[in-house]
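One structure is given here, and the rest of the page talks about it.
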Amino acid sequence: MITHKTKYALKALMVLADEKAGEGTALRIEEIAERSGAPKRFLEHILLDLKRAGLIGSRRGRKGGYEMIKEARRVSLAEVLRLIDGPMAPLPCLSRKAYQRCEDCTDEQTCRVRAVFGGFYATYILMIESLTVADLQKDARPLESFGLPEPAAGE
C-alpha cells in the first residue's frame with residue numbers, strides 16, 4: 001500500500017496538473033488542500049519536497065502560490081513514490097536505487113525468495129514507471145492501457 005503522504009502528494013499533483021491544463025494560475029496551499037481533500041498541515045511538507053525535486057514551483061506575491069513546472073506526462077508515479085516514501089523494492093537486494101545484499105542470503109542467484117519477489121516486482125516496476133500524473137488526471141483510466149480490469153472494492 002502507498003502511504004497517506006504519497007496519496008496526498010499524488011492528489012496535490014493532480015490538482016496542480018489540472019490547473020495548469022486549464023487556467024494555469026498558481027494555487028495557494030489552502031486551495032490545493034480544499035480541491036485535493038488533503039490536510040493542509042501535511043501538504044506544507046509535501047509541497048516543499050515536490051518543489052525541491054523540481055516537479056512544482058512557487059510564486060510569491062498577490063497572485064502567488066504553487067504551480068506545476070514539469071509536464072504531468074513526464075512525472076512518473078514511480079518518481080513520486082520514491083521521492084516521498086523511498087525505495088519501493090520488497091527486498092533490499094531487488095532495489096535499483098538503494099541496493100543492499102540481504103544479510104541472511106548466501107547466494108542471490110539461487111535465492112528462491114528473491115526469485116519469487118523479483119518476478120512480480122519487475123512487473124510492478126514496469127507498470128508504475130510507465131504511469132504518469134497525466135494518467136491520473138480527470139476522467140483518465142490508466143489501467144486500460146495494460147488491458148487490466150478496474151479493481152473491485154476491497155482489492
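Ordering of the C-alpha cells sets the chain letters (A, B, ...), residue numbers begin anew at 1 in every chain, and ligands are numbered from 1 in the order given.
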Find the spatial neighbours of Ile69 in chain A, counting only C-alpha atoms, within a cut-off of 10 Å - ignore same-chain residues fewer than 2 positions away - and output them as a PDB file with C-alpha atoms, in the first residue's frame.
ATOM      1  CA  LEU A  16      -1.826  21.365  -9.995  1.00  0.00           C
ATOM      2  CA  ALA A  17      -1.743  19.499 -13.316  1.00  0.00           C
ATOM      3  CA  LYS A  20      -2.064  24.040 -15.494  1.00  0.00           C
ATOM      4  CA  LYS A  51       9.386  21.715  -5.122  1.00  0.00           C
ATOM      5  CA  GLY A  54      11.711  20.218  -9.456  1.00  0.00           C
ATOM      6  CA  LEU A  55       8.189  18.949 -10.066  1.00  0.00           C
ATOM      7  CA  ILE A  56       6.432  22.100  -8.922  1.00  0.00           C
ATOM      8  CA  GLY A  57       7.394  25.718  -8.446  1.00  0.00           C
ATOM      9  CA  SER A  58       6.160  28.575  -6.325  1.00  0.00           C
ATOM     10  CA  TYR A  66       2.232  26.655  -6.275  1.00  0.00           C
ATOM     11  CA  GLU A  67       2.204  25.565  -9.895  1.00  0.00           C
ATOM     12  CA  GLU A  71       4.796  18.355 -17.551  1.00  0.00           C
ATOM     13  CA  ALA A  72       2.354  15.899 -15.972  1.00  0.00           C
TER      14      ALA A  72
END
Those of range 13-80 of chain A in DSSP helix (DSSP H, G or I), formatted as number ranges by chain: A: 13-21, 29-36, 40-52, 72-74, 77-80
Sort by chain and increasing residue number a table of all residues of range 99-137 of chain A within 7 Å of range 77-87 of chain A, each with its closest pair of atoms and their distance in Å to one decimal, counting only C-alpha atoms, and write it as a Markdown table.
| residue | atom | partner | partner_atom | distance |
| --- | --- | --- | --- | --- |
| A:Ile128 | CA | A:Ala78 | CA | 5.5 |
| A:Glu129 | CA | A:Ala78 | CA | 5.1 |
| A:Leu131 | CA | A:Leu77 | CA | 5.9 |
| A:Thr132 | CA | A:Leu77 | CA | 5.3 |
| A:Val133 | CA | A:Leu77 | CA | 6.5 |
Save out the residues we just selected, N, CA and C atoms, as a PDB file, in the first residue's frame.
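Everything below was put into out02.pdb:
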ATOM      1  N   ILE A 128       4.375   0.827 -12.960  1.00  0.00           N
ATOM      2  CA  ILE A 128       4.376   2.062 -12.177  1.00  0.00           C
ATOM      3  C   ILE A 128       5.291   3.124 -12.790  1.00  0.00           C
ATOM      4  N   GLU A 129       6.338   2.696 -13.493  1.00  0.00           N
ATOM      5  CA  GLU A 129       7.204   3.666 -14.150  1.00  0.00           C
ATOM      6  C   GLU A 129       6.605   4.188 -15.447  1.00  0.00           C
ATOM      7  N   LEU A 131       3.268   4.686 -15.829  1.00  0.00           N
ATOM      8  CA  LEU A 131       2.130   5.533 -15.489  1.00  0.00           C
ATOM      9  C   LEU A 131       2.620   6.892 -15.009  1.00  0.00           C
ATOM     10  N   THR A 132       1.904   7.946 -15.382  1.00  0.00           N
ATOM     11  CA  THR A 132       2.311   9.299 -15.026  1.00  0.00           C
ATOM     12  C   THR A 132       1.170  10.042 -14.342  1.00  0.00           C
ATOM     13  N   VAL A 133       1.490  11.225 -13.859  1.00  0.00           N
ATOM     14  CA  VAL A 133       0.456  12.075 -13.262  1.00  0.00           C
ATOM     15  C   VAL A 133      -0.630  12.378 -14.292  1.00  0.00           C
TER      16      VAL A 133
END
I need the residues of chain A that end up classed as strand (DSSP E or B) by DSSP on the backbone, written out as a list in words. Leu27, Ile56, Gly57, Ser58, Arg59, Gly65, Tyr66, Glu67, Met68, Ser76 and Thr132 of chain A
Can I get the selection written as a PDB file, in the first residue's frame, with C-alpha atoms?
ATOM      1  CA  LEU A  27      -2.744  27.940  -6.357  1.00  0.00           C
ATOM      2  CA  ILE A  56       6.432  22.100  -8.922  1.00  0.00           C
ATOM      3  CA  GLY A  57       7.394  25.718  -8.446  1.00  0.00           C
ATOM      4  CA  SER A  58       6.160  28.575  -6.325  1.00  0.00           C
ATOM      5  CA  ARG A  59       5.401  32.221  -6.962  1.00  0.00           C
ATOM      6  CA  GLY A  65       1.095  30.003  -4.904  1.00  0.00           C
ATOM      7  CA  TYR A  66       2.232  26.655  -6.275  1.00  0.00           C
ATOM      8  CA  GLU A  67       2.204  25.565  -9.895  1.00  0.00           C
ATOM      9  CA  MET A  68       3.222  22.541 -11.918  1.00  0.00           C
ATOM     10  CA  SER A  76       6.060   9.016 -13.361  1.00  0.00           C
ATOM     11  CA  THR A 132       2.311   9.299 -15.026  1.00  0.00           C
TER      12      THR A 132
END
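Near Arg28 in chain A, within 12 Å and counting only C-alpha atoms, sit Ala12, Val15, Leu16, Glu19, Thr25, Glu31, Ile32, Ala33, Glu34, Arg35, Lys40, Leu43, Glu44, Leu47, Gly57, Ser58, Arg59, Arg60, Gly61, Arg62, Lys63, Gly64, Gly65, Tyr66 and Glu67 of chain A, not including residues fewer than 3 positions from it in the same chain.
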At a cut-off of 8 Å, using only C-alpha atoms, what residues contact range 111-123 of chain A? Leave out same-chain residues fewer than 5 positions from it and give the result as number ranges by chain. A: 89-91, 93-94, 105
Near range 1-11 of chain A, counting only C-alpha atoms, which residues have an atom at most 6 Å away, once you skip same-chain residues fewer than 2 positions from it, shown as a list in words?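 The residues that qualify are Leu13, Met14, Ser36, Ala38 and Ile84 of chain A.
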Include all heavy atoms and write out the residues we just selected as a PDB file, in the first residue's frame.
ATOM      1  N   LEU A  13      -0.549  16.878  -6.890  1.00  0.00           N
ATOM      2  CA  LEU A  13      -0.013  16.966  -8.254  1.00  0.00           C
ATOM      3  C   LEU A  13      -1.141  16.945  -9.287  1.00  0.00           C
ATOM      4  O   LEU A  13      -1.079  17.649 -10.293  1.00  0.00           O
ATOM      5  CB  LEU A  13       0.982  15.836  -8.517  1.00  0.00           C
ATOM      6  CG  LEU A  13       2.340  15.995  -7.844  1.00  0.00           C
ATOM      7  CD1 LEU A  13       3.146  14.707  -7.959  1.00  0.00           C
ATOM      8  CD2 LEU A  13       3.113  17.170  -8.434  1.00  0.00           C
ATOM      9  N   MET A  14      -2.172  16.141  -9.038  1.00  0.00           N
ATOM     10  CA  MET A  14      -3.311  16.103  -9.956  1.00  0.00           C
ATOM     11  C   MET A  14      -4.015  17.459  -9.998  1.00  0.00           C
ATOM     12  O   MET A  14      -4.372  17.946 -11.078  1.00  0.00           O
ATOM     13  CB  MET A  14      -4.312  15.014  -9.550  1.00  0.00           C
ATOM     14  CG  MET A  14      -3.847  13.614  -9.901  1.00  0.00           C
ATOM     15  SD  MET A  14      -5.137  12.382  -9.595  1.00  0.00           S
ATOM     16  CE  MET A  14      -5.117  12.257  -7.826  1.00  0.00           C
ATOM     17  N   SER A  36      -7.993  18.927  -3.238  1.00  0.00           N
ATOM     18  CA  SER A  36      -7.456  17.561  -3.177  1.00  0.00           C
ATOM     19  C   SER A  36      -8.003  16.742  -2.020  1.00  0.00           C
ATOM     20  O   SER A  36      -7.921  15.517  -2.025  1.00  0.00           O
ATOM     21  CB  SER A  36      -5.932  17.601  -3.071  1.00  0.00           C
ATOM     22  OG  SER A  36      -5.531  18.112  -1.807  1.00  0.00           O
ATOM     23  N   ALA A  38      -6.688  16.860   0.868  1.00  0.00           N
ATOM     24  CA  ALA A  38      -5.523  16.567   1.709  1.00  0.00           C
ATOM     25  C   ALA A  38      -5.414  17.615   2.817  1.00  0.00           C
ATOM     26  O   ALA A  38      -5.654  18.797   2.576  1.00  0.00           O
ATOM     27  CB  ALA A  38      -4.252  16.577   0.869  1.00  0.00           C
ATOM     28  N   ILE A  84       8.735  10.448  -2.087  1.00  0.00           N
ATOM     29  CA  ILE A  84       8.017  10.588  -0.821  1.00  0.00           C
ATOM     30  C   ILE A  84       8.313   9.446   0.143  1.00  0.00           C
ATOM     31  O   ILE A  84       8.564   9.669   1.321  1.00  0.00           O
ATOM     32  CB  ILE A  84       6.489  10.696  -1.063  1.00  0.00           C
ATOM     33  CG1 ILE A  84       6.163  11.875  -1.986  1.00  0.00           C
ATOM     34  CG2 ILE A  84       5.735  10.799   0.249  1.00  0.00           C
ATOM     35  CD1 ILE A  84       6.543  13.246  -1.458  1.00  0.00           C
TER      36      ILE A  84
END
Give me, please, the distance in Å between CA of Glu108 in chain A and CA of Leu126 in chain A, quoted to one decimal. 21.7 Å
Residue nearest Ala134 in chain A - candidates A:Arg96, A:Arg74, A:His45, A:Arg52, atoms counted: only C-alpha atoms: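 When distances to Ala134 in chain A are compared using only C-alpha atoms, the smallest one comes from A:Arg74.
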